[in-house]
file my_file-v9.txt (compact mmCIF, N, CA and C atoms)
# COMPACT_ATOMS: atom_id res chain seq x y z
N MET A 315 -19.53 -14.71 -4.02
CA MET A 315 -18.58 -15.72 -3.59
C MET A 315 -18.30 -15.51 -2.12
N PRO A 316 -18.25 -16.57 -1.29
CA PRO A 316 -18.00 -16.43 0.13
C PRO A 316 -16.69 -15.71 0.40
N GLY A 317 -16.71 -14.81 1.38
CA GLY A 317 -15.51 -14.10 1.77
C GLY A 317 -15.06 -13.04 0.78
N GLY A 318 -15.86 -12.74 -0.23
CA GLY A 318 -15.53 -11.70 -1.19
C GLY A 318 -14.40 -12.08 -2.14
N LEU A 319 -14.11 -13.36 -2.32
CA LEU A 319 -13.04 -13.77 -3.22
C LEU A 319 -13.44 -13.51 -4.66
N ARG A 320 -12.50 -12.99 -5.42
CA ARG A 320 -12.76 -12.72 -6.84
C ARG A 320 -12.37 -13.93 -7.68
N ILE A 321 -13.32 -14.43 -8.44
CA ILE A 321 -13.00 -15.59 -9.27
C ILE A 321 -13.02 -15.26 -10.76
N ILE A 322 -13.59 -14.12 -11.12
CA ILE A 322 -13.60 -13.64 -12.50
C ILE A 322 -13.12 -12.19 -12.46
N GLU A 323 -12.13 -11.87 -13.26
CA GLU A 323 -11.60 -10.52 -13.27
C GLU A 323 -11.62 -9.95 -14.69
N PRO A 324 -12.58 -9.08 -14.99
CA PRO A 324 -12.60 -8.47 -16.32
C PRO A 324 -11.57 -7.34 -16.40
N TYR A 325 -11.03 -7.12 -17.60
CA TYR A 325 -10.12 -6.01 -17.84
C TYR A 325 -10.15 -5.64 -19.31
N VAL A 326 -9.70 -4.44 -19.63
CA VAL A 326 -9.71 -3.93 -21.00
C VAL A 326 -8.29 -3.87 -21.52
N LYS A 327 -8.09 -4.37 -22.74
CA LYS A 327 -6.81 -4.29 -23.42
C LYS A 327 -7.09 -4.04 -24.89
N ASN A 328 -6.48 -3.00 -25.46
CA ASN A 328 -6.69 -2.64 -26.86
C ASN A 328 -8.18 -2.50 -27.20
N ASN A 329 -8.91 -1.82 -26.33
CA ASN A 329 -10.35 -1.55 -26.52
C ASN A 329 -11.20 -2.82 -26.59
N ARG A 330 -10.74 -3.90 -26.00
CA ARG A 330 -11.49 -5.15 -25.96
C ARG A 330 -11.53 -5.64 -24.52
N VAL A 331 -12.68 -6.12 -24.07
CA VAL A 331 -12.80 -6.65 -22.72
C VAL A 331 -12.35 -8.11 -22.72
N TYR A 332 -11.47 -8.44 -21.79
CA TYR A 332 -11.01 -9.80 -21.58
C TYR A 332 -11.41 -10.23 -20.18
N VAL A 333 -11.33 -11.53 -19.93
CA VAL A 333 -11.67 -12.06 -18.61
C VAL A 333 -10.52 -12.94 -18.15
N LYS A 334 -10.06 -12.70 -16.91
CA LYS A 334 -9.11 -13.60 -16.28
C LYS A 334 -9.92 -14.49 -15.34
N ALA A 335 -9.70 -15.79 -15.43
CA ALA A 335 -10.41 -16.74 -14.58
C ALA A 335 -9.64 -18.05 -14.59
N GLN A 336 -10.01 -18.95 -13.69
CA GLN A 336 -9.47 -20.29 -13.67
C GLN A 336 -10.63 -21.27 -13.65
N THR A 337 -10.54 -22.31 -14.45
CA THR A 337 -11.57 -23.34 -14.46
C THR A 337 -10.89 -24.69 -14.27
N PRO A 338 -11.49 -25.60 -13.51
CA PRO A 338 -10.82 -26.87 -13.21
C PRO A 338 -10.69 -27.77 -14.43
N THR A 339 -9.62 -28.59 -14.44
CA THR A 339 -9.37 -29.49 -15.56
C THR A 339 -9.81 -30.92 -15.29
N GLY A 340 -10.26 -31.19 -14.10
CA GLY A 340 -10.65 -32.55 -13.74
C GLY A 340 -9.64 -33.20 -12.83
N SER A 341 -8.38 -32.77 -12.90
CA SER A 341 -7.40 -33.28 -11.94
C SER A 341 -7.44 -32.38 -10.71
N PRO A 342 -7.17 -32.92 -9.52
CA PRO A 342 -7.32 -32.13 -8.30
C PRO A 342 -6.51 -30.84 -8.29
N ALA A 343 -5.32 -30.84 -8.89
CA ALA A 343 -4.48 -29.65 -8.82
C ALA A 343 -4.53 -28.81 -10.09
N GLY A 344 -5.23 -29.26 -11.13
CA GLY A 344 -5.14 -28.60 -12.42
C GLY A 344 -6.23 -27.59 -12.68
N THR A 345 -5.85 -26.48 -13.29
CA THR A 345 -6.82 -25.49 -13.75
C THR A 345 -6.37 -24.96 -15.10
N VAL A 346 -7.34 -24.47 -15.87
CA VAL A 346 -7.05 -23.76 -17.12
C VAL A 346 -7.01 -22.28 -16.76
N GLN A 347 -5.93 -21.62 -17.15
CA GLN A 347 -5.80 -20.18 -16.91
C GLN A 347 -6.37 -19.45 -18.11
N LEU A 348 -7.35 -18.59 -17.90
CA LEU A 348 -7.96 -17.85 -19.00
C LEU A 348 -7.56 -16.39 -18.91
N ASN A 349 -7.04 -15.87 -20.00
CA ASN A 349 -6.70 -14.45 -20.12
C ASN A 349 -6.65 -14.13 -21.61
N ASP A 350 -5.85 -13.14 -22.01
CA ASP A 350 -5.84 -12.76 -23.42
C ASP A 350 -4.82 -13.53 -24.25
N GLU A 351 -4.19 -14.55 -23.69
CA GLU A 351 -3.25 -15.36 -24.47
C GLU A 351 -4.03 -16.27 -25.40
N TRP A 352 -3.54 -16.42 -26.64
CA TRP A 352 -4.25 -17.25 -27.61
C TRP A 352 -3.28 -18.21 -28.26
N PRO A 353 -3.60 -19.45 -28.40
CA PRO A 353 -4.80 -20.08 -27.86
C PRO A 353 -4.60 -20.42 -26.40
N PRO A 354 -5.68 -20.48 -25.62
CA PRO A 354 -5.51 -20.86 -24.22
C PRO A 354 -5.08 -22.32 -24.13
N ASP A 355 -4.24 -22.62 -23.16
CA ASP A 355 -3.75 -23.98 -22.97
C ASP A 355 -4.84 -24.81 -22.30
N ILE A 356 -5.34 -25.84 -23.01
CA ILE A 356 -6.40 -26.68 -22.45
C ILE A 356 -5.93 -28.13 -22.42
N PRO A 357 -6.52 -28.96 -21.58
CA PRO A 357 -6.10 -30.36 -21.48
C PRO A 357 -6.37 -31.15 -22.76
N ALA A 358 -5.62 -32.22 -22.96
CA ALA A 358 -5.83 -33.11 -24.09
C ALA A 358 -7.25 -33.66 -24.03
N GLY A 359 -7.91 -33.74 -25.18
CA GLY A 359 -9.28 -34.24 -25.25
C GLY A 359 -10.34 -33.15 -25.13
N TRP A 360 -9.96 -31.99 -24.60
CA TRP A 360 -10.89 -30.86 -24.55
C TRP A 360 -10.87 -30.16 -25.90
N ASP A 361 -11.81 -29.24 -26.11
CA ASP A 361 -11.86 -28.52 -27.38
C ASP A 361 -12.31 -27.09 -27.11
N ARG A 362 -12.12 -26.26 -28.07
CA ARG A 362 -12.58 -24.86 -27.99
C ARG A 362 -13.09 -24.45 -29.35
N ASN A 363 -14.05 -23.55 -29.35
CA ASN A 363 -14.58 -23.05 -30.60
C ASN A 363 -14.93 -21.59 -30.39
N PHE A 364 -15.00 -20.83 -31.49
CA PHE A 364 -15.20 -19.39 -31.34
C PHE A 364 -15.61 -18.77 -32.65
N ASN A 365 -16.14 -17.55 -32.53
CA ASN A 365 -16.35 -16.67 -33.67
C ASN A 365 -15.98 -15.27 -33.19
N ALA A 366 -16.35 -14.24 -33.91
CA ALA A 366 -15.93 -12.88 -33.56
C ALA A 366 -16.47 -12.41 -32.21
N ASN A 367 -17.61 -12.94 -31.76
CA ASN A 367 -18.23 -12.45 -30.53
C ASN A 367 -18.39 -13.48 -29.43
N THR A 368 -18.02 -14.72 -29.69
CA THR A 368 -18.31 -15.80 -28.75
C THR A 368 -17.11 -16.74 -28.66
N PHE A 369 -16.83 -17.22 -27.44
CA PHE A 369 -15.74 -18.16 -27.22
C PHE A 369 -16.21 -19.20 -26.21
N GLU A 370 -15.80 -20.46 -26.41
CA GLU A 370 -16.24 -21.54 -25.53
C GLU A 370 -15.14 -22.60 -25.42
N ILE A 371 -15.00 -23.17 -24.23
CA ILE A 371 -14.15 -24.34 -24.00
C ILE A 371 -15.06 -25.45 -23.49
N VAL A 372 -14.92 -26.65 -24.07
CA VAL A 372 -15.69 -27.81 -23.62
C VAL A 372 -14.73 -28.89 -23.13
N ASP A 373 -15.22 -29.73 -22.23
CA ASP A 373 -14.40 -30.83 -21.73
C ASP A 373 -14.44 -32.01 -22.69
N ASN A 374 -13.89 -33.15 -22.29
CA ASN A 374 -13.81 -34.30 -23.19
C ASN A 374 -15.18 -34.92 -23.50
N THR A 375 -16.25 -34.49 -22.82
CA THR A 375 -17.60 -34.96 -23.13
C THR A 375 -18.40 -33.89 -23.88
N GLN A 376 -17.73 -32.84 -24.31
CA GLN A 376 -18.30 -31.71 -25.05
C GLN A 376 -19.33 -30.93 -24.22
N ILE A 377 -19.13 -30.94 -22.91
CA ILE A 377 -19.93 -30.11 -22.00
C ILE A 377 -19.11 -28.87 -21.68
N PRO A 378 -19.69 -27.68 -21.76
CA PRO A 378 -18.92 -26.46 -21.54
C PRO A 378 -18.36 -26.32 -20.13
N VAL A 379 -17.13 -25.81 -20.07
CA VAL A 379 -16.54 -25.43 -18.79
C VAL A 379 -16.31 -23.92 -18.74
N PHE A 380 -16.34 -23.27 -19.91
CA PHE A 380 -16.22 -21.81 -19.96
C PHE A 380 -16.89 -21.30 -21.22
N GLN A 381 -17.64 -20.19 -21.07
CA GLN A 381 -18.28 -19.54 -22.21
C GLN A 381 -18.26 -18.03 -21.99
N ILE A 382 -17.99 -17.30 -23.05
CA ILE A 382 -18.10 -15.84 -23.00
C ILE A 382 -18.70 -15.37 -24.32
N ARG A 383 -19.65 -14.45 -24.20
CA ARG A 383 -20.32 -13.92 -25.40
C ARG A 383 -20.42 -12.40 -25.24
N TYR A 384 -19.99 -11.69 -26.27
CA TYR A 384 -20.10 -10.24 -26.32
C TYR A 384 -21.41 -9.91 -27.03
N ASP A 385 -22.47 -9.69 -26.26
CA ASP A 385 -23.79 -9.43 -26.83
C ASP A 385 -23.90 -8.03 -27.43
N SER A 386 -23.27 -7.06 -26.77
CA SER A 386 -23.29 -5.68 -27.24
C SER A 386 -22.16 -4.95 -26.54
N ALA A 387 -22.00 -3.68 -26.84
CA ALA A 387 -20.96 -2.89 -26.18
C ALA A 387 -21.21 -2.79 -24.68
N ASN A 388 -22.44 -2.97 -24.26
CA ASN A 388 -22.79 -2.82 -22.84
C ASN A 388 -23.05 -4.14 -22.14
N ARG A 389 -23.01 -5.26 -22.84
CA ARG A 389 -23.39 -6.54 -22.23
C ARG A 389 -22.47 -7.68 -22.66
N ILE A 390 -21.86 -8.30 -21.66
CA ILE A 390 -21.01 -9.46 -21.88
C ILE A 390 -21.51 -10.57 -20.95
N GLU A 391 -21.75 -11.75 -21.51
CA GLU A 391 -22.16 -12.89 -20.70
C GLU A 391 -20.94 -13.77 -20.46
N VAL A 392 -20.73 -14.17 -19.19
CA VAL A 392 -19.63 -15.06 -18.84
C VAL A 392 -20.21 -16.19 -18.01
N TYR A 393 -20.01 -17.42 -18.47
CA TYR A 393 -20.47 -18.61 -17.76
C TYR A 393 -19.30 -19.57 -17.61
N GLY A 394 -19.38 -20.41 -16.61
CA GLY A 394 -18.32 -21.40 -16.48
C GLY A 394 -18.26 -22.05 -15.12
N ILE A 395 -17.20 -22.83 -14.97
CA ILE A 395 -16.83 -23.42 -13.69
C ILE A 395 -15.58 -22.69 -13.26
N PHE A 396 -15.65 -22.00 -12.12
CA PHE A 396 -14.57 -21.12 -11.70
C PHE A 396 -14.02 -21.54 -10.34
N VAL A 397 -12.70 -21.50 -10.22
CA VAL A 397 -12.02 -21.88 -8.99
C VAL A 397 -11.53 -20.62 -8.29
N ALA A 398 -11.93 -20.46 -7.02
CA ALA A 398 -11.48 -19.33 -6.21
C ALA A 398 -10.11 -19.63 -5.61
N PRO A 399 -9.40 -18.61 -5.18
CA PRO A 399 -8.08 -18.83 -4.57
C PRO A 399 -8.09 -19.80 -3.38
N ASN A 400 -9.21 -19.89 -2.67
CA ASN A 400 -9.28 -20.80 -1.51
C ASN A 400 -9.68 -22.21 -1.91
N GLY A 401 -9.90 -22.48 -3.21
CA GLY A 401 -10.26 -23.81 -3.69
C GLY A 401 -11.75 -24.04 -3.85
N ALA A 402 -12.57 -23.09 -3.41
CA ALA A 402 -14.02 -23.21 -3.63
C ALA A 402 -14.30 -23.13 -5.13
N VAL A 403 -15.38 -23.78 -5.56
CA VAL A 403 -15.74 -23.82 -6.97
C VAL A 403 -17.14 -23.24 -7.15
N THR A 404 -17.28 -22.35 -8.11
CA THR A 404 -18.58 -21.79 -8.47
C THR A 404 -18.90 -22.21 -9.89
N VAL A 405 -20.11 -22.72 -10.09
CA VAL A 405 -20.59 -23.12 -11.41
C VAL A 405 -21.73 -22.18 -11.77
N ALA A 406 -21.59 -21.49 -12.91
CA ALA A 406 -22.60 -20.51 -13.33
C ALA A 406 -22.88 -20.68 -14.81
N PHE A 407 -24.10 -21.13 -15.13
CA PHE A 407 -24.55 -21.27 -16.52
C PHE A 407 -26.00 -20.83 -16.59
N GLY A 408 -26.33 -20.03 -17.60
CA GLY A 408 -27.71 -19.55 -17.73
C GLY A 408 -28.09 -18.77 -16.50
N ASP A 409 -29.25 -19.07 -15.95
CA ASP A 409 -29.73 -18.37 -14.75
C ASP A 409 -29.37 -19.09 -13.46
N GLU A 410 -28.59 -20.16 -13.54
CA GLU A 410 -28.27 -20.95 -12.35
C GLU A 410 -26.82 -20.76 -11.93
N THR A 411 -26.62 -20.65 -10.61
CA THR A 411 -25.29 -20.56 -10.03
C THR A 411 -25.26 -21.42 -8.77
N GLU A 412 -24.24 -22.26 -8.65
CA GLU A 412 -24.05 -23.11 -7.48
C GLU A 412 -22.61 -22.99 -7.03
N THR A 413 -22.38 -23.07 -5.73
CA THR A 413 -21.03 -22.99 -5.17
C THR A 413 -20.76 -24.21 -4.31
N ALA A 414 -19.55 -24.75 -4.40
CA ALA A 414 -19.13 -25.88 -3.58
C ALA A 414 -17.88 -25.48 -2.81
N ALA A 415 -17.84 -25.85 -1.55
CA ALA A 415 -16.67 -25.58 -0.71
C ALA A 415 -15.49 -26.41 -1.22
N PRO A 416 -14.26 -26.02 -0.87
CA PRO A 416 -13.10 -26.80 -1.29
C PRO A 416 -13.25 -28.28 -0.92
N GLY A 417 -12.94 -29.16 -1.87
CA GLY A 417 -13.01 -30.59 -1.64
C GLY A 417 -14.36 -31.22 -1.93
N GLN A 418 -15.40 -30.42 -2.11
CA GLN A 418 -16.72 -30.97 -2.42
C GLN A 418 -16.85 -31.23 -3.92
N THR A 419 -17.83 -32.05 -4.29
CA THR A 419 -18.11 -32.36 -5.69
C THR A 419 -18.62 -31.11 -6.41
N ILE A 420 -18.18 -30.92 -7.64
CA ILE A 420 -18.64 -29.78 -8.44
C ILE A 420 -20.11 -29.98 -8.76
N PRO A 421 -20.96 -28.99 -8.45
CA PRO A 421 -22.40 -29.13 -8.71
C PRO A 421 -22.70 -29.25 -10.20
N ASP A 422 -23.74 -30.01 -10.52
CA ASP A 422 -24.18 -30.16 -11.90
C ASP A 422 -25.28 -29.14 -12.18
N ILE A 423 -25.19 -28.48 -13.32
CA ILE A 423 -26.21 -27.51 -13.72
C ILE A 423 -26.72 -27.93 -15.10
N PRO A 424 -28.02 -28.24 -15.20
CA PRO A 424 -28.58 -28.72 -16.47
C PRO A 424 -28.43 -27.74 -17.63
N GLU A 425 -28.30 -26.44 -17.36
CA GLU A 425 -28.21 -25.45 -18.44
C GLU A 425 -26.84 -25.42 -19.11
N ARG A 426 -25.94 -26.33 -18.77
CA ARG A 426 -24.62 -26.38 -19.40
C ARG A 426 -24.75 -26.99 -20.78
N LYS A 427 -25.03 -26.17 -21.76
CA LYS A 427 -25.20 -26.61 -23.14
C LYS A 427 -24.15 -25.90 -24.01
N ALA A 428 -23.53 -26.66 -24.91
CA ALA A 428 -22.53 -26.09 -25.81
C ALA A 428 -23.19 -25.13 -26.80
N TRP A 429 -22.53 -24.03 -27.05
CA TRP A 429 -23.01 -23.04 -28.02
C TRP A 429 -22.57 -23.40 -29.44
N PHE A 430 -21.48 -24.17 -29.56
CA PHE A 430 -20.91 -24.49 -30.87
C PHE A 430 -21.04 -25.98 -31.17
N VAL A 431 -20.79 -26.31 -32.45
CA VAL A 431 -20.74 -27.70 -32.90
C VAL A 431 -19.28 -28.16 -32.80
N TYR A 432 -19.08 -29.41 -32.41
CA TYR A 432 -17.74 -29.97 -32.25
C TYR A 432 -17.62 -31.26 -33.05
N PRO A 433 -16.39 -31.63 -33.41
CA PRO A 433 -15.11 -31.04 -33.07
C PRO A 433 -14.87 -29.75 -33.86
N SER A 434 -14.13 -28.85 -33.23
CA SER A 434 -13.93 -27.53 -33.84
C SER A 434 -13.09 -27.59 -35.12
N ASP A 435 -12.23 -28.59 -35.25
CA ASP A 435 -11.42 -28.64 -36.47
C ASP A 435 -12.27 -28.92 -37.71
N ARG A 436 -13.48 -29.42 -37.54
CA ARG A 436 -14.40 -29.62 -38.66
C ARG A 436 -15.57 -28.63 -38.64
N HIS A 437 -15.75 -27.90 -37.54
CA HIS A 437 -16.90 -27.00 -37.39
C HIS A 437 -16.49 -25.66 -36.79
N LEU A 438 -15.36 -25.11 -37.20
CA LEU A 438 -14.86 -23.87 -36.63
C LEU A 438 -15.89 -22.74 -36.79
N GLY A 439 -16.30 -22.14 -35.68
CA GLY A 439 -17.23 -21.02 -35.68
C GLY A 439 -18.68 -21.39 -35.92
N GLU A 440 -18.99 -22.67 -36.07
CA GLU A 440 -20.36 -23.10 -36.36
C GLU A 440 -21.18 -23.21 -35.08
N LEU A 441 -22.17 -22.36 -34.95
CA LEU A 441 -23.02 -22.35 -33.76
C LEU A 441 -24.01 -23.52 -33.80
N ALA A 442 -24.24 -24.10 -32.62
CA ALA A 442 -25.24 -25.17 -32.48
C ALA A 442 -26.63 -24.55 -32.48
N LEU A 443 -27.59 -25.31 -32.94
CA LEU A 443 -28.98 -24.85 -32.90
C LEU A 443 -29.57 -25.28 -31.57
N ASN A 444 -29.73 -24.34 -30.65
CA ASN A 444 -30.28 -24.68 -29.32
C ASN A 444 -31.70 -24.20 -29.19
call {"tool": "encode", "arguments": {"input": "my_file-v9.txt", "output": "structure tokens"}}
result
Amino acid sequence: MPGGLRIIEPYVKNNRVYVKAQTPTGSPAGTVQLNDEWPPDIPAGWDRNFNANTFEIVDNTQIPVFQIRYDSANRIEVYGIFVAPNGAVTVAFGDETETAAPGQTIPDIPERKAWFVYPSDRHLGELALN
């Protein structure tokens, strides 16, 4: 991230790794705050789904804005759209990462695929076949 700004902050609580981050909500001033609070506060029309090792938030078009997967004790994957304190936005999904300066359009990354089936109230914990 330009200037060394931290946009993802991992930490351990009760022997579990959590991630603090902010992801944009679509409104210019709005972000979703991600930490160990459950359930995370998300905008109307968005959804979230999860199982014991994976968590995801999707926007109103069911495109992911945040994903975290605990692959093993040594490997955690974190993907999403992240807002830095200076307003810059970084989009990271799969092997692709793009950054936009404050005020620029959020870059599109084709690898933004949902891990779960939605809506979650009918498909809680059900992984999509990708």
call {"tool": "select_by_dssp", "arguments": {"input": "my_file-v9.txt", "residues": "range 406-438 of chain A", "states": "alpha helix (DSSP H)", "output": "list of chain:residue names"}}
result
A:Ser434, A:Asp435, A:Arg436, A:His437
call {"tool": "atom_distance", "arguments": {"input": "my_file-v9.txt", "atom1": "atom C of Leu441 in chain A", "atom2": "CA of Lys334 in chain A"}}
result
25.0 Å
call {"tool": "residues_around", "arguments": {"input": "my_file-v9.txt", "residues": "Thr375 in chain A", "least_positions_apart": "6", "cutoff": "12 Å", "atoms": "only C-alpha atoms", "output": "list in words"}}
result
Gly340, Ala358, Gly359, Trp360, Asp361, Arg426, Lys427, Ala428, Tyr432 and Pro433 of chain A
call {"tool": "write_last_selection", "arguments": {"input": "my_file-v9.txt", "atoms": "N, CA and C atoms", "output": "compact mmCIF listing (two decimals), keeping the file's coordinate frame"}}
result
# COMPACT_ATOMS: atom_id res chain seq x y z
N GLY A 340 -10.26 -31.19 -14.10
CA GLY A 340 -10.65 -32.55 -13.74
C GLY A 340 -9.64 -33.20 -12.83
N ALA A 358 -5.62 -32.22 -22.96
CA ALA A 358 -5.83 -33.11 -24.09
C ALA A 358 -7.25 -33.66 -24.03
N GLY A 359 -7.91 -33.74 -25.18
CA GLY A 359 -9.28 -34.24 -25.25
C GLY A 359 -10.34 -33.15 -25.13
N TRP A 360 -9.96 -31.99 -24.60
CA TRP A 360 -10.89 -30.86 -24.55
C TRP A 360 -10.87 -30.16 -25.90
N ASP A 361 -11.81 -29.24 -26.11
CA ASP A 361 -11.86 -28.52 -27.38
C ASP A 361 -12.31 -27.09 -27.11
N ARG A 426 -25.94 -26.33 -18.77
CA ARG A 426 -24.62 -26.38 -19.40
C ARG A 426 -24.75 -26.99 -20.78
N LYS A 427 -25.03 -26.17 -21.76
CA LYS A 427 -25.20 -26.61 -23.14
C LYS A 427 -24.15 -25.90 -24.01
N ALA A 428 -23.53 -26.66 -24.91
CA ALA A 428 -22.53 -26.09 -25.81
C ALA A 428 -23.19 -25.13 -26.80
N TYR A 432 -19.08 -29.41 -32.41
CA TYR A 432 -17.74 -29.97 -32.25
C TYR A 432 -17.62 -31.26 -33.05
N PRO A 433 -16.39 -31.63 -33.41
CA PRO A 433 -15.11 -31.04 -33.07
C PRO A 433 -14.87 -29.75 -33.86
call {"tool": "atom_distance", "arguments": {"input": "my_file-v9.txt", "atom1": "atom N of Arg389 in chain A", "atom2": "atom C of Pro324 in chain A"}}
result
13.3 Å
call {"tool": "atom_distance", "arguments": {"input": "my_file-v9.txt", "atom1": "CA of Val403 in chain A", "atom2": "CA of Asp355 in chain A"}}
result
20.0 Å
call {"tool": "axis_aligned_box", "arguments": {"input": "my_file-v9.txt", "around": "range 408-427 of chain A", "padding_each_side": "4 Å", "output": "JSON"}}
result
{"center_x": -21.3, "center_y": -25.4, "center_z": -12.4, "size_x": 24.8, "size_y": 22.0, "size_z": 31.3}
call {"tool": "residues_around", "arguments": {"input": "my_file-v9.txt", "residues": "Ile382 in chain A", "least_positions_apart": "4", "cutoff": "6 Å", "atoms": "all atoms listed in the file", "output": "PDB file with N, CA and C atoms, in the frame of the given file"}}
result
ATOM      1  N   ASN A 367     -17.610 -12.940 -31.760  1.00  0.00           N
ATOM      2  CA  ASN A 367     -18.230 -12.450 -30.530  1.00  0.00           C
ATOM      3  C   ASN A 367     -18.390 -13.480 -29.430  1.00  0.00           C
ATOM      4  N   THR A 368     -18.020 -14.720 -29.690  1.00  0.00           N
ATOM      5  CA  THR A 368     -18.310 -15.800 -28.750  1.00  0.00           C
ATOM      6  C   THR A 368     -17.110 -16.740 -28.660  1.00  0.00           C
ATOM      7  N   PHE A 369     -16.830 -17.220 -27.440  1.00  0.00           N
ATOM      8  CA  PHE A 369     -15.740 -18.160 -27.220  1.00  0.00           C
ATOM      9  C   PHE A 369     -16.210 -19.200 -26.210  1.00  0.00           C
ATOM     10  N   GLU A 370     -15.800 -20.460 -26.410  1.00  0.00           N
ATOM     11  CA  GLU A 370     -16.240 -21.540 -25.530  1.00  0.00           C
ATOM     12  C   GLU A 370     -15.140 -22.600 -25.420  1.00  0.00           C
ATOM     13  N   GLU A 391     -21.750 -11.750 -21.510  1.00  0.00           N
ATOM     14  CA  GLU A 391     -22.160 -12.890 -20.700  1.00  0.00           C
ATOM     15  C   GLU A 391     -20.940 -13.770 -20.460  1.00  0.00           C
ATOM     16  N   VAL A 392     -20.730 -14.170 -19.190  1.00  0.00           N
ATOM     17  CA  VAL A 392     -19.630 -15.060 -18.840  1.00  0.00           C
ATOM     18  C   VAL A 392     -20.210 -16.190 -18.010  1.00  0.00           C
ATOM     19  N   TYR A 393     -20.010 -17.420 -18.470  1.00  0.00           N
ATOM     20  CA  TYR A 393     -20.470 -18.610 -17.760  1.00  0.00           C
ATOM     21  C   TYR A 393     -19.300 -19.570 -17.610  1.00  0.00           C
TER      22      TYR A 393
END
call {"tool": "closest_residue", "arguments": {"input": "my_file-v9.txt", "among": "A:Val405, A:Leu438, A:Leu443, A:Val333", "to": "Asn363 in chain A", "atoms": "only N, CA and C atoms"}}
result
A:Leu438
call {"tool": "closest_residue", "arguments": {"input": "my_file-v9.txt", "among": "A:Asn329, A:Phe364, A:Phe407, A:Ile356", "to": "Glu440 in chain A", "atoms": "all atoms listed in the file"}}
result
A:Phe364
